[in-house]
Structures are given as structure tokens and as C-alpha cells.
>>> print(open('run21.cif').read())   # mmCIF, C-alpha atoms
data_run
loop_
_atom_site.label_atom_id
_atom_site.label_comp_id
_atom_site.auth_asym_id
_atom_site.auth_seq_id
_atom_site.Cartn_x
_atom_site.Cartn_y
_atom_site.Cartn_z
CA MET L 1 156.32 63.79 -145.55
CA ALA L 2 154.85 63.15 -142.14
CA GLY L 3 156.72 61.26 -139.48
CA VAL L 4 156.17 57.76 -138.14
CA PRO L 5 157.10 56.33 -134.73
CA ALA L 6 160.59 57.26 -133.57
CA GLY L 7 163.42 55.32 -135.15
CA SER L 8 166.37 53.54 -133.60
CA VAL L 9 168.73 55.23 -131.20
CA PRO L 10 172.01 55.72 -133.10
CA SER L 11 174.84 53.61 -131.81
CA VAL L 12 178.15 55.10 -130.71
CA THR L 13 180.67 55.22 -133.54
CA ARG L 14 184.36 54.40 -133.42
CA ASP L 15 187.12 55.21 -135.88
CA ASP L 16 186.99 51.76 -137.45
CA ALA L 17 184.69 50.96 -140.35
CA LEU L 18 183.74 48.02 -142.49
CA PRO L 19 184.19 48.09 -146.25
CA LEU L 20 180.92 48.07 -148.15
CA ALA L 21 181.70 44.60 -149.52
CA GLU L 22 181.79 43.23 -145.96
CA VAL L 23 178.54 44.97 -145.02
CA VAL L 24 176.91 43.47 -148.11
CA ARG L 25 178.20 40.05 -147.07
CA LEU L 26 176.63 40.48 -143.62
CA LEU L 27 173.32 41.56 -145.13
CA GLU L 28 173.26 38.71 -147.63
CA ARG L 29 173.98 36.20 -144.89
CA ARG L 30 170.78 37.28 -143.15
CA TYR L 31 168.82 37.86 -146.36
CA PRO L 32 170.26 35.45 -148.95
CA PRO L 33 169.63 36.67 -152.52
CA ALA L 34 168.85 33.09 -153.55
CA THR L 35 165.66 33.21 -151.45
CA ALA L 36 164.27 36.19 -153.37
CA GLU L 37 161.44 35.65 -155.83
CA SER L 38 162.55 35.08 -159.43
CA TRP L 39 161.09 38.39 -160.61
CA ASP L 40 162.78 40.45 -157.91
CA ALA L 41 165.81 42.77 -158.09
CA VAL L 42 167.76 42.65 -154.85
CA GLY L 43 171.32 43.46 -153.84
CA LEU L 44 173.72 46.36 -154.29
CA VAL L 45 172.49 49.10 -156.64
CA THR L 46 175.14 51.79 -156.16
CA GLY L 47 178.41 51.96 -154.25
CA ASP L 48 182.07 51.01 -154.40
CA PRO L 49 182.70 47.72 -152.58
CA ARG L 50 185.89 49.25 -151.14
CA GLN L 51 184.27 52.34 -149.60
CA PRO L 52 184.07 52.42 -145.80
CA VAL L 53 180.67 52.20 -144.12
CA ARG L 54 180.12 53.89 -140.78
CA LYS L 55 176.55 55.19 -141.07
CA VAL L 56 173.56 53.31 -142.49
CA LEU L 57 170.10 54.76 -143.07
CA LEU L 58 167.21 52.28 -143.29
CA ALA L 59 163.94 53.00 -145.09
CA VAL L 60 161.11 51.20 -146.85
CA ASP L 61 161.27 53.15 -150.12
CA PRO L 62 164.17 54.56 -152.19
CA VAL L 63 162.44 57.89 -152.84
CA ALA L 64 163.97 61.35 -153.22
CA ALA L 65 163.12 62.42 -149.66
CA VAL L 66 164.95 59.38 -148.25
CA VAL L 67 168.01 60.13 -150.39
CA ASP L 68 167.92 63.74 -149.17
CA GLU L 69 167.84 62.50 -145.58
CA ALA L 70 170.76 60.14 -146.22
CA VAL L 71 172.90 62.88 -147.77
CA ALA L 72 172.07 65.39 -145.03
CA TRP L 73 172.92 62.88 -142.30
CA GLY L 74 176.14 61.78 -144.01
CA ALA L 75 175.08 58.17 -144.53
CA ASP L 76 177.49 55.86 -146.33
CA LEU L 77 174.77 53.32 -147.15
CA VAL L 78 171.01 53.31 -147.53
CA LEU L 79 169.35 49.95 -146.92
CA VAL L 80 165.85 49.87 -148.40
CA HIS L 81 163.16 47.25 -148.78
CA HIS L 82 161.72 48.20 -152.15
CA PRO L 83 163.86 48.06 -155.30
CA LEU L 84 164.68 51.28 -157.12
CA LEU L 85 165.15 49.47 -160.43
CA LEU L 86 162.72 46.56 -160.28
CA ARG L 87 162.15 46.53 -164.03
CA PRO L 88 165.04 46.61 -166.54
CA VAL L 89 166.06 50.03 -167.80
CA THR L 90 168.27 51.09 -170.70
CA SER L 91 169.40 54.37 -169.14
CA VAL L 92 169.96 55.99 -165.75
CA ALA L 93 170.37 59.47 -167.22
CA ALA L 94 169.59 62.25 -164.75
CA THR L 95 166.76 63.35 -167.04
CA THR L 96 164.55 60.68 -165.40
CA PHE L 97 163.52 60.72 -161.75
CA LYS L 98 165.13 57.37 -161.03
CA GLY L 99 168.26 58.28 -162.94
CA ALA L 100 168.47 61.52 -160.99
CA LEU L 101 168.38 59.54 -157.73
CA VAL L 102 171.17 57.25 -158.95
CA HIS L 103 173.30 60.27 -159.88
CA ARG L 104 172.63 61.93 -156.50
CA LEU L 105 173.66 58.78 -154.66
CA VAL L 106 176.83 58.30 -156.69
CA ARG L 107 177.90 61.96 -156.47
CA SER L 108 177.34 61.91 -152.71
CA GLY L 109 179.21 58.64 -152.19
CA VAL L 110 176.10 56.94 -150.77
CA ALA L 111 175.63 53.25 -151.54
CA LEU L 112 172.18 51.74 -152.01
CA HIS L 113 171.31 48.14 -151.14
CA VAL L 114 167.95 46.41 -151.58
CA ALA L 115 166.59 43.55 -149.46
CA HIS L 116 163.11 42.85 -150.78
CA THR L 117 161.46 39.42 -151.04
CA ASN L 118 164.59 37.86 -149.58
CA ALA L 119 163.92 39.99 -146.47
CA ASP L 120 160.22 39.10 -146.64
CA ALA L 121 161.04 35.41 -146.32
CA ALA L 122 163.99 35.48 -143.94
CA PRO L 123 163.94 34.56 -140.26
CA GLY L 124 163.97 37.92 -138.50
CA GLY L 125 162.65 39.55 -141.66
CA VAL L 126 159.61 41.53 -142.70
CA ALA L 127 157.00 38.86 -141.97
CA GLU L 128 158.37 38.04 -138.52
CA ALA L 129 158.59 41.74 -137.65
CA LEU L 130 154.94 42.28 -138.59
CA ALA L 131 153.88 39.17 -136.66
CA GLY L 132 155.89 40.32 -133.68
CA ALA L 133 154.36 43.80 -133.81
CA VAL L 134 150.90 42.33 -133.16
CA GLY L 135 152.26 39.88 -130.59
CA LEU L 136 151.94 36.56 -132.41
CA VAL L 137 153.62 33.58 -130.75
CA ASP L 138 154.47 30.11 -132.05
CA GLN L 139 155.25 31.53 -135.47
CA VAL L 140 155.76 29.37 -138.57
CA PRO L 141 155.98 30.41 -142.24
CA LEU L 142 152.70 30.72 -144.10
CA VAL L 143 154.37 29.37 -147.26
CA ALA L 144 157.61 27.70 -146.23
CA GLN L 145 160.53 27.44 -148.60
CA PRO L 146 161.53 23.76 -148.63
CA VAL L 147 164.90 22.98 -147.13
CA GLU L 148 167.37 21.61 -149.66
CA ALA L 149 167.31 17.82 -149.94
CA LEU L 150 170.26 16.24 -148.11
CA ASP L 151 172.07 12.91 -148.11
CA LYS L 152 174.10 11.43 -145.29
CA HIS L 153 177.24 9.70 -146.56
CA VAL L 154 178.49 6.94 -144.25
CA VAL L 155 181.93 5.56 -145.11
CA PHE L 156 184.12 2.95 -143.42
CA VAL L 157 187.84 3.66 -143.82
CA PRO L 158 191.09 2.71 -142.06
CA VAL L 159 191.69 5.11 -139.17
CA ALA L 160 194.95 6.36 -140.68
CA ASP L 161 193.09 7.51 -143.81
CA ALA L 162 190.10 9.12 -142.10
CA GLU L 163 191.43 12.70 -142.12
CA ARG L 164 192.26 12.55 -145.80
CA LEU L 165 188.83 11.15 -146.57
CA VAL L 166 187.08 13.92 -144.62
CA ASP L 167 189.13 16.53 -146.49
CA ALA L 168 188.17 15.01 -149.84
CA LEU L 169 184.47 14.84 -149.03
CA ALA L 170 184.51 18.42 -147.73
CA ALA L 171 186.21 19.63 -150.91
CA ALA L 172 183.39 18.02 -152.90
CA GLY L 173 180.75 19.90 -150.90
CA ALA L 174 179.97 17.60 -147.99
CA GLY L 175 179.96 18.62 -144.34
CA ALA L 176 178.64 22.18 -144.77
CA ILE L 177 176.07 23.05 -142.10
CA GLY L 178 175.12 26.71 -141.80
CA GLU L 179 178.21 28.76 -141.02
CA TYR L 180 180.31 25.62 -140.39
CA SER L 181 182.28 23.55 -142.86
CA ARG L 182 184.02 20.15 -142.80
CA CYS L 183 181.43 18.87 -140.28
CA ALA L 184 181.88 15.12 -139.70
CA TRP L 185 181.15 12.51 -137.06
CA ARG L 186 183.53 9.62 -136.47
CA THR L 187 183.75 6.53 -134.36
CA THR L 188 185.95 3.44 -134.57
CA GLY L 189 185.38 -0.27 -134.75
CA GLU L 190 186.71 -3.40 -136.36
CA GLY L 191 186.12 -4.29 -139.98
CA THR L 192 186.79 -7.75 -141.33
CA PHE L 193 187.01 -9.21 -144.85
CA THR L 194 188.66 -11.95 -146.87
CA PRO L 195 190.14 -10.93 -150.27
CA SER L 196 189.55 -13.39 -153.11
CA GLU L 197 192.33 -14.77 -155.31
CA HIS L 198 191.53 -12.09 -157.88
CA ALA L 199 191.46 -9.14 -155.48
CA ASP L 200 194.15 -6.48 -155.14
CA PRO L 201 193.81 -5.59 -151.43
CA ALA L 202 195.39 -2.45 -149.99
CA ILE L 203 195.50 -4.22 -146.64
CA GLY L 204 195.76 -7.95 -145.98
CA ARG L 205 196.46 -10.95 -148.22
CA ARG L 206 194.41 -12.94 -150.71
CA GLY L 207 192.51 -15.81 -149.16
CA GLU L 208 193.25 -14.72 -145.58
CA VAL L 209 190.81 -13.25 -143.06
CA THR L 210 191.82 -9.64 -142.38
CA THR L 211 190.72 -7.49 -139.45
CA VAL L 212 191.27 -3.71 -139.57
CA VAL L 213 190.57 -0.93 -137.09
CA GLU L 214 188.35 1.37 -139.15
CA ALA L 215 186.67 4.72 -138.67
CA ARG L 216 183.01 5.19 -139.47
CA VAL L 217 182.78 8.66 -141.06
CA GLU L 218 179.42 10.41 -141.47
CA MET L 219 178.92 13.66 -143.39
CA VAL L 220 175.86 15.33 -144.87
CA ALA L 221 175.79 16.81 -148.38
CA PRO L 222 173.21 18.30 -150.75
CA ARG L 223 171.54 15.56 -152.75
CA ARG L 224 172.40 17.41 -155.96
CA LEU L 225 176.09 16.78 -155.16
CA ARG L 226 175.69 13.03 -154.60
CA ARG L 227 177.64 11.99 -157.69
CA ALA L 228 180.51 14.39 -157.00
CA VAL L 229 180.75 13.44 -153.32
CA THR L 230 180.67 9.72 -154.10
CA ALA L 231 183.37 10.12 -156.75
CA ALA L 232 185.57 12.07 -154.32
CA MET L 233 185.06 9.38 -151.69
CA ARG L 234 186.12 6.60 -154.07
CA ALA L 235 189.17 8.57 -155.23
CA ALA L 236 190.38 9.25 -151.68
CA HIS L 237 189.66 5.81 -150.24
CA PRO L 238 192.53 3.27 -150.17
CA TYR L 239 190.30 0.20 -150.62
CA GLU L 240 189.61 -1.50 -153.91
CA GLU L 241 186.00 -2.06 -152.80
CA VAL L 242 184.59 0.66 -150.57
CA ALA L 243 181.98 -0.03 -147.90
CA PHE L 244 179.64 2.95 -147.74
CA ASP L 245 175.99 3.97 -147.42
CA VAL L 246 174.14 6.95 -148.86
CA LEU L 247 171.04 7.72 -146.78
CA GLU L 248 168.38 10.14 -147.99
CA LEU L 249 167.41 12.38 -145.07
CA ALA L 250 163.82 13.40 -144.46
CA ARG L 251 162.96 16.94 -145.53
CA GLU L 252 161.26 19.34 -143.16
CA ASP L 253 160.11 22.91 -143.67
CA GLY L 254 162.63 25.43 -142.42
CA PRO L 255 162.16 28.89 -140.87
CA THR L 256 162.39 30.66 -144.26
CA GLY L 257 159.27 31.43 -146.26
CA LEU L 258 156.63 34.00 -147.14
CA GLY L 259 154.35 35.25 -144.40
CA ARG L 260 153.92 33.95 -140.89
CA VAL L 261 151.17 32.15 -139.00
CA GLY L 262 150.94 32.48 -135.25
CA ARG L 263 148.69 32.70 -132.23
CA LEU L 264 147.67 35.73 -130.20
CA PRO L 265 148.54 35.36 -126.51
CA ALA L 266 144.83 35.83 -125.74
CA PRO L 267 141.84 35.68 -128.08
CA THR L 268 140.28 38.93 -129.22
CA THR L 269 137.65 40.06 -131.70
CA LEU L 270 138.17 41.10 -135.30
CA ARG L 271 137.57 44.70 -134.29
CA GLY L 272 139.98 44.28 -131.39
CA LEU L 273 142.66 42.95 -133.75
CA ALA L 274 142.11 45.86 -136.13
CA GLU L 275 142.40 48.34 -133.26
CA LEU L 276 145.61 46.67 -132.09
CA VAL L 277 147.06 46.85 -135.61
CA ALA L 278 146.18 50.55 -135.78
CA GLN L 279 148.08 51.13 -132.53
CA VAL L 280 151.29 49.29 -133.41
CA LEU L 281 151.76 50.25 -137.09
CA PRO L 282 152.62 53.71 -138.46
CA ALA L 283 149.63 55.94 -139.07
CA THR L 284 148.62 56.28 -142.72
CA ALA L 285 145.81 57.96 -144.61
CA GLN L 286 144.22 54.58 -145.29
CA GLY L 287 144.16 53.50 -141.68
CA VAL L 288 143.06 49.92 -141.03
CA ARG L 289 140.18 48.21 -142.85
CA PHE L 290 138.66 44.88 -141.94
CA ALA L 291 136.18 42.47 -143.50
CA GLY L 292 134.06 40.08 -141.46
CA ASP L 293 132.07 40.01 -138.23
CA PRO L 294 133.48 42.78 -136.00
CA ASP L 295 132.70 40.65 -132.94
CA GLY L 296 134.08 37.43 -134.46
CA ARG L 297 136.60 35.56 -132.33
CA VAL L 298 140.23 35.81 -133.47
CA GLU L 299 143.17 33.87 -132.07
CA ARG L 300 145.09 32.26 -134.91
CA VAL L 301 146.37 34.87 -137.38
CA ALA L 302 148.33 34.88 -140.64
CA VAL L 303 150.34 37.93 -141.70
CA LEU L 304 152.18 39.03 -144.81
CA GLY L 305 153.95 42.35 -145.27
CA GLY L 306 153.14 44.00 -148.60
CA SER L 307 150.60 42.87 -151.18
CA GLY L 308 148.99 39.68 -149.90
CA ASP L 309 145.95 38.58 -151.86
CA SER L 310 148.03 36.20 -153.99
CA LEU L 311 148.36 33.93 -150.94
CA PHE L 312 144.65 33.52 -150.18
CA ASP L 313 144.78 29.78 -150.93
CA ALA L 314 147.59 29.32 -148.40
CA VAL L 315 145.70 31.40 -145.86
CA ARG L 316 142.60 29.22 -146.22
CA ALA L 317 144.72 26.07 -145.95
CA ALA L 318 146.31 27.39 -142.74
CA GLY L 319 142.92 27.48 -141.03
CA VAL L 320 143.44 30.90 -139.46
CA ASP L 321 140.79 33.18 -138.00
CA ALA L 322 142.16 36.33 -139.66
CA TYR L 323 144.68 37.46 -142.24
CA LEU L 324 146.62 40.72 -141.84
CA THR L 325 148.21 42.09 -145.01
CA ALA L 326 148.13 45.05 -147.43
CA ASP L 327 146.89 46.14 -150.84
CA LEU L 328 143.83 43.90 -150.88
CA ARG L 329 141.97 44.25 -154.19
CA HIS L 330 138.19 44.29 -154.50
CA HIS L 331 137.58 41.08 -156.44
CA PRO L 332 139.96 38.71 -154.60
CA ALA L 333 138.82 40.02 -151.21
CA SER L 334 135.15 39.84 -152.14
CA GLU L 335 135.49 36.28 -153.45
CA LEU L 336 137.36 35.09 -150.37
CA ARG L 337 134.68 36.48 -148.07
CA GLU L 338 131.86 35.08 -150.24
CA ARG L 339 133.49 31.66 -150.19
CA ALA L 340 133.95 31.82 -146.42
CA GLU L 341 130.25 32.67 -145.94
CA PHE L 342 129.18 29.92 -148.34
CA GLU L 343 131.33 27.19 -146.78
CA ALA L 344 130.75 28.04 -143.12
CA ALA L 345 128.57 25.50 -141.33
CA PRO L 346 125.49 26.90 -139.57
CA GLY L 347 126.50 28.58 -136.35
CA THR L 348 130.21 28.63 -137.15
CA PRO L 349 132.28 31.73 -138.02
CA ALA L 350 132.90 32.55 -141.68
CA THR L 351 136.66 32.76 -141.51
CA PRO L 352 139.22 33.86 -142.46
CA TYR L 353 138.47 37.49 -141.73
CA LEU L 354 140.59 40.14 -143.43
CA VAL L 355 142.57 43.06 -142.01
CA ASP L 356 144.00 45.39 -144.65
CA VAL L 357 146.61 48.08 -144.00
CA ALA L 358 148.79 50.36 -146.13
CA HIS L 359 151.66 48.60 -147.90
CA PHE L 360 154.26 50.91 -146.32
CA ALA L 361 152.89 50.42 -142.81
CA SER L 362 152.97 46.62 -143.05
CA GLU L 363 156.70 46.58 -143.84
CA TRP L 364 158.00 49.41 -141.67
CA PRO L 365 158.39 47.38 -138.41
CA TRP L 366 161.18 45.35 -140.03
CA LEU L 367 163.50 48.35 -140.22
CA GLU L 368 164.19 48.40 -136.48
CA HIS L 369 164.97 44.67 -136.49
CA ALA L 370 167.27 45.01 -139.50
CA ALA L 371 169.09 47.92 -137.90
CA ALA L 372 169.68 46.03 -134.65
CA ASP L 373 170.85 42.92 -136.52
CA LEU L 374 173.26 44.93 -138.68
CA ARG L 375 174.78 46.62 -135.64
CA ALA L 376 175.25 43.25 -133.93
CA ASP L 377 176.76 41.64 -137.03
CA ALA L 378 179.14 44.55 -137.56
CA LEU L 379 180.24 44.44 -133.92
CA ALA L 380 180.95 40.72 -134.26
CA ALA L 381 183.08 41.58 -137.30
CA GLY L 382 185.12 44.05 -135.26
CA ALA L 383 183.50 47.35 -136.18
CA THR L 384 180.68 49.61 -135.07
CA VAL L 385 178.10 50.79 -137.57
CA GLU L 386 175.77 53.64 -136.69
CA THR L 387 172.20 53.13 -137.87
CA ARG L 388 169.18 55.34 -138.27
CA VAL L 389 165.67 54.24 -139.18
CA SER L 390 164.05 56.89 -141.34
CA THR L 391 160.91 58.32 -139.78
CA LEU L 392 159.63 59.69 -143.09
CA ARG L 393 156.22 58.34 -144.05
CA THR L 394 156.74 57.27 -147.65
CA ASP L 395 153.21 55.94 -148.12
CA PRO L 396 152.03 57.71 -151.31
CA TRP L 397 148.55 58.58 -149.96
CA SER L 398 148.32 61.93 -148.16
CA GLY L 399 144.70 62.17 -147.06
CA ARG L 400 141.30 60.54 -146.78
CA VAL L 401 137.71 61.77 -146.61
CA PRO L 402 135.56 59.31 -144.63
CA SER L 403 132.39 58.23 -146.37
CA PRO L 404 129.06 58.98 -144.69
CA ASP L 405 127.58 55.96 -142.97
CA ARG L 406 124.64 55.44 -145.33
CA PRO L 407 123.67 52.96 -148.06
CA PRO L 408 124.39 53.77 -151.71
CA SER L 409 121.84 56.15 -153.21
CA SER L 410 121.37 58.00 -156.46
CA GLU L 411 120.36 61.12 -154.51
CA GLY L 412 122.99 63.78 -154.44
CA THR L 413 125.07 62.35 -157.26
CA ALA L 414 126.48 64.60 -159.91
CA PRO L 415 124.35 64.91 -163.07
#
>>> encode(input="run21.cif", output="C-alpha cells")
Amino acid sequence: MAGVPAGSVPSVTRDDALPLAEVVRLLERRYPPATAESWDAVGLVTGDPRQPVRKVLLAVDPVAAVVDEAVAWGADLVLVHHPLLLRPVTSVAATTFKGALVHRLVRSGVALHVAHTNADAAPGGVAEALAGAVGLVDQVPLVAQPVEALDKHVVFVPVADAERLVDALAAAGAGAIGEYSRCAWRTTGEGTFTPSEHADPAIGRRGEVTTVVEARVEMVAPRRLRRAVTAAMRAAHPYEEVAFDVLELAREDGPTGLGRVGRLPAPTTLRGLAELVAQVLPATAQGVRFAGDPDGRVERVAVLGGSGDSLFDAVRAAGVDAYLTADLRHHPASELRERAEFEAAPGTPATPYLVDVAHFASEWPWLEHAAADLRADALAAGATVETRVSTLRTDPWSGRVPSPDRPPSSEGTAP
């Protein structure tokens, strides 16, 4: 297979190593499996969680040539984008080509890990890498994954009981923000109340005005845990009647989601964008195709690594000038362009234009980013992992014969 642009410079190794289980944890922190599409198959495919990892090979596809490269280099782990076993199988016998790859990996002690649609959607993932390759700025997801709905629990409690209350709420799932747990904000003030003759006050006496120095405790929690957090709060609180608020926080789109929309630093033409894409992505037999006015103005661009015509509605809603993706099929692409021409006002451009590249090429830029992130995460964990980005071109197409520049004709066709 032909080469693509040079891969990452291997890092310097030390004698220490991370167990595979820890490397998987680092990868899943950046590319959470929960963000993968429901049909996907991501995660660890082969490998012993206890085996040490010092060398990691990164590639788009888990094909035989990539496995050969991993074995020859002495890789402990291969991180790929595309799943080896996307559809369920009943056997991995070496009599099948996929089974043979599994056997080769296991016999060689090489683990295989897949980050597919979870890497597509992640900050720093496939979509951002493709957008960055063409220089897009002010990036936002094309189809954002909604951030989980949150509540803010506000509780008033005697100062002496505040620590115990925070512990109880944290144990129920409150106070988790990113990589931090037991997050809480507290201030103090005076609370006052008068217990009735039928009350059973923890502090004060019936019929007497009572003033207590109290802490105001605020903690956020997933809305789905509201009942559990409220129950934990009541159980840990010393008061017979608890003063508290549950506030529903506004939801905003986060940085995770399919595709990216951004702006070119300077406007160009559709042909200029296509030429730029051809320069920054690996060369493939397909090259770069585009649909629309070659001289049409392009500034705002949407991108999606891999097959992208399923997101045409989102692309139109984003109001972009052009859409860069791969695997565009005849009918969806034709209909999008026909609709754009039909709906364009006189004298206005019929956008969005389309730029279509090879599937492999659209996803390859992510490998360098993933390699750098893995090295940094491993170093923060106290180890050094050596990485190599495979320069094998695993695009299945090996050649192309350009068509003559002439209209269709029955002359010269085979009988």
C-alpha cells in the first residue's frame, strides 16, 4: 500500500509502562464509549488488561497490512478508528480473514482498541482534526450532543452538619463536575424559625424564636438523580423540616457532537477550497470532487469525517457555504444540489456546495492528534508511551482513469 504524509515522531521510551487497562481508561476518558452511536462497536477487541503498553500504533483501518506493521514494529497496542467486528459474529476461527487477524494479534501479544463514532464526536476528535486541517476557526458541532440535564440543590443546614451533608449528597451522585467530585459551594448566614407546639425540633424549643448559624450548601447533580439526591439530603439533615431548593439549570450544547462548523480565516472559492483540501489530506485515487459553482464564494464550512450524506438536513440548517465530507452517493447529492438551485433567490449563490473526498483521507488527520493526546495523558500518569502513526494508505481504491471532458454520447460505446 502506498504511503501518506509522514507520521508522528516517536517519543523517547523509558523502562516504565502503563498496563493496558490504564491506557484504555485514558482513551475512554477522551473518547467516552457512551457517546458512540447505538449501532457502533467500540472499545477493546483483543488484549490482556494487565499487559504492559509501551508502543502504540495508530491507523484508520484494522487491515492485515496494519497488523503486519504493528507486529514488525513490536507494538503492544493498535488504536484504530474503524471497528474490526462491527457486526456480530459467531466465530473468530482463523479460517476467515477477520478471524485470522484476531489470531495474529493474540499470538503476537498485540492489543486492539477501537475509537469510532465516539472519536468522531469528541472534542479533539476526528471532526475537529478535519476542520483544523483546512484551517477552520470558531468551530462548533454540526449536530451537538445535548449536555445532560442538571439540577442545582441548595440546602440550608447548621454549620456543624455541613460536611456530613456534603458527603451524603456526593455519595448520591451530586457534586461531580468533569474530573472533579464532591464539588460544593458554601456560605454562612443566620436562619430563624419558631417551632410549633407539635414540632420536634433538633435545635431550639417549642414556641420560642430560634436563630441558628447555618451554611448554605449548593451542589449540582444530574436531573435523573433528583429523587436519590433529595432522599440522601433528607436522611443526612438534622432538621425535622428541611429548607431546600431544587433549581433546574438551563441546558446548552456542549463541545461533543457529530461534525463541525467553522469559518475560513479568509474567504475563498469552491475550487480554492477543493484545492486546499487536496493539499492537506492524504492523496487517494479518488482525489477531491466538488459540486457547485467553481467560482462561488466560500467562507463558512461544515465538515464530517467519513460518510456524510445522512447529515444533509443539518448542513442546510447550519447555513454554510460548503460541506466537506466523504462517500457522497449520487441520489442524495443530486437532490441536495437540485434543492439548492431551486430555493436560491435570483442572483444569490445556490449553497451549500459539496466537497467529497475518500473516506480514509477524511479521517486520517485525527491520528496525529490522538497520538499526541495519548502521549500527554500517559506522561501525566507517570509513564511514557511511544506512538507511531501508520503511513500505509488503507483506502481500498488503487487507481483511477480520468474521464474525457466531453458530454455523454452513444458513439464509441461497446455493442
>>> atom_distance(input="run21.cif", atom1="atom CA of L:Gln286", atom2="atom CA of L:Arg271")
16.2 Å
>>> closest_atom_pairs(input="run21.cif", of="stretch 117-235 of chain L", to="stretch 71-91 of chain L", cutoff="10 Å", atoms="all atoms listed in the file", output="tab-separated table")
residue	atom	partner	partner_atom	distance
L:Thr117	CA	L:His81	CA	8.3
L:Asn118	CA	L:His81	CA	9.5
L:Ala119	CA	L:His81	CA	7.7
L:Asp120	CA	L:His81	CA	8.9
L:Val126	CA	L:His81	CA	9.1
>>> write_last_selection(input="run21.cif", atoms="C-alpha atoms", output="short mmCIF file (atom, residue, chain, number, x, y, z; two decimals), keeping the file's coordinate frame")
data_model
loop_
_atom_site.label_atom_id
_atom_site.label_comp_id
_atom_site.auth_asym_id
_atom_site.auth_seq_id
_atom_site.Cartn_x
_atom_site.Cartn_y
_atom_site.Cartn_z
CA THR L 117 161.46 39.42 -151.04
CA ASN L 118 164.59 37.86 -149.58
CA ALA L 119 163.92 39.99 -146.47
CA ASP L 120 160.22 39.10 -146.64
CA VAL L 126 159.61 41.53 -142.70
#
>>> residues_around(input="run21.cif", residues="L:Phe244", least_positions_apart="3", cutoff="12 Å", atoms="all atoms listed in the file", output="list in words")
Lys152, His153, Val154, Val155, Phe156, Val157, Ala215, Arg216, Val217, Glu218, Met219, Val229, Thr230, Met233, Arg234, His237, Tyr239, Glu241 and Leu247 of chain L
>>> closest_residue(input="run21.cif", among="L:Glu240, L:Ala371, L:Arg227, L:Ala232", to="L:Ile203", atoms="only C-alpha atoms")
L:Glu240
>>> closest_residue(input="run21.cif", among="L:Val298, L:Val147, L:Val315, L:Cys183", to="L:Ala250", atoms="all atoms listed in the file")
L:Val147
>>> closest_residue(input="run21.cif", among="L:Ala36, L:Ala326, L:Val137, L:Ala202", to="L:Gly305", atoms="all atoms listed in the file")
L:Ala326
>>> resolve_selection(input="run21.cif", expression="the PyMOL selection byres ((chain L and resi 223) around 7)", output="number ranges by chain")
L: 149-151, 221-222, 224-226
>>> closest_residue(input="run21.cif", among="L:Glu363, L:Asp395, L:Asp309, L:Glu163", to="L:Arg182", atoms="all atoms listed in the file")
L:Glu163
>>> resolve_selection(input="run21.cif", expression="the PyMOL selection byres ((chain L and resi 106-111) around 12)", output="PyMOL selection string")
chain L and resi 19-21+23-24+43-58+62+66-80+92+94+99-105+112-114
>>> write_last_selection(input="run21.cif", atoms="C-alpha atoms", output="short mmCIF file (atom, residue, chain, number, x, y, z; two decimals), in the coordinates of the input")
data_model
loop_
_atom_site.label_atom_id
_atom_site.label_comp_id
_atom_site.auth_asym_id
_atom_site.auth_seq_id
_atom_site.Cartn_x
_atom_site.Cartn_y
_atom_site.Cartn_z
CA PRO L 19 184.19 48.09 -146.25
CA LEU L 20 180.92 48.07 -148.15
CA ALA L 21 181.70 44.60 -149.52
CA VAL L 23 178.54 44.97 -145.02
CA VAL L 24 176.91 43.47 -148.11
CA GLY L 43 171.32 43.46 -153.84
CA LEU L 44 173.72 46.36 -154.29
CA VAL L 45 172.49 49.10 -156.64
CA THR L 46 175.14 51.79 -156.16
CA GLY L 47 178.41 51.96 -154.25
CA ASP L 48 182.07 51.01 -154.40
CA PRO L 49 182.70 47.72 -152.58
CA ARG L 50 185.89 49.25 -151.14
CA GLN L 51 184.27 52.34 -149.60
CA PRO L 52 184.07 52.42 -145.80
CA VAL L 53 180.67 52.20 -144.12
CA ARG L 54 180.12 53.89 -140.78
CA LYS L 55 176.55 55.19 -141.07
CA VAL L 56 173.56 53.31 -142.49
CA LEU L 57 170.10 54.76 -143.07
CA LEU L 58 167.21 52.28 -143.29
CA PRO L 62 164.17 54.56 -152.19
CA VAL L 66 164.95 59.38 -148.25
CA VAL L 67 168.01 60.13 -150.39
CA ASP L 68 167.92 63.74 -149.17
CA GLU L 69 167.84 62.50 -145.58
CA ALA L 70 170.76 60.14 -146.22
CA VAL L 71 172.90 62.88 -147.77
CA ALA L 72 172.07 65.39 -145.03
CA TRP L 73 172.92 62.88 -142.30
CA GLY L 74 176.14 61.78 -144.01
CA ALA L 75 175.08 58.17 -144.53
CA ASP L 76 177.49 55.86 -146.33
CA LEU L 77 174.77 53.32 -147.15
CA VAL L 78 171.01 53.31 -147.53
CA LEU L 79 169.35 49.95 -146.92
CA VAL L 80 165.85 49.87 -148.40
CA VAL L 92 169.96 55.99 -165.75
CA ALA L 94 169.59 62.25 -164.75
CA GLY L 99 168.26 58.28 -162.94
CA ALA L 100 168.47 61.52 -160.99
CA LEU L 101 168.38 59.54 -157.73
CA VAL L 102 171.17 57.25 -158.95
CA HIS L 103 173.30 60.27 -159.88
CA ARG L 104 172.63 61.93 -156.50
CA LEU L 105 173.66 58.78 -154.66
CA LEU L 112 172.18 51.74 -152.01
CA HIS L 113 171.31 48.14 -151.14
CA VAL L 114 167.95 46.41 -151.58
#
>>> residues_around(input="run21.cif", residues="L:Gly292", least_positions_apart="5", cutoff="8 Å", atoms="all atoms listed in the file", output="number ranges by chain")
L: 270, 337, 350-351, 353-354
>>> atom_distance(input="run21.cif", atom1="atom CA of L:Thr325", atom2="atom CA of L:Leu130")
9.3 Å
>>> atom_distance(input="run21.cif", atom1="atom CA of L:Arg186", atom2="atom CA of L:Ala231")
20.3 Å
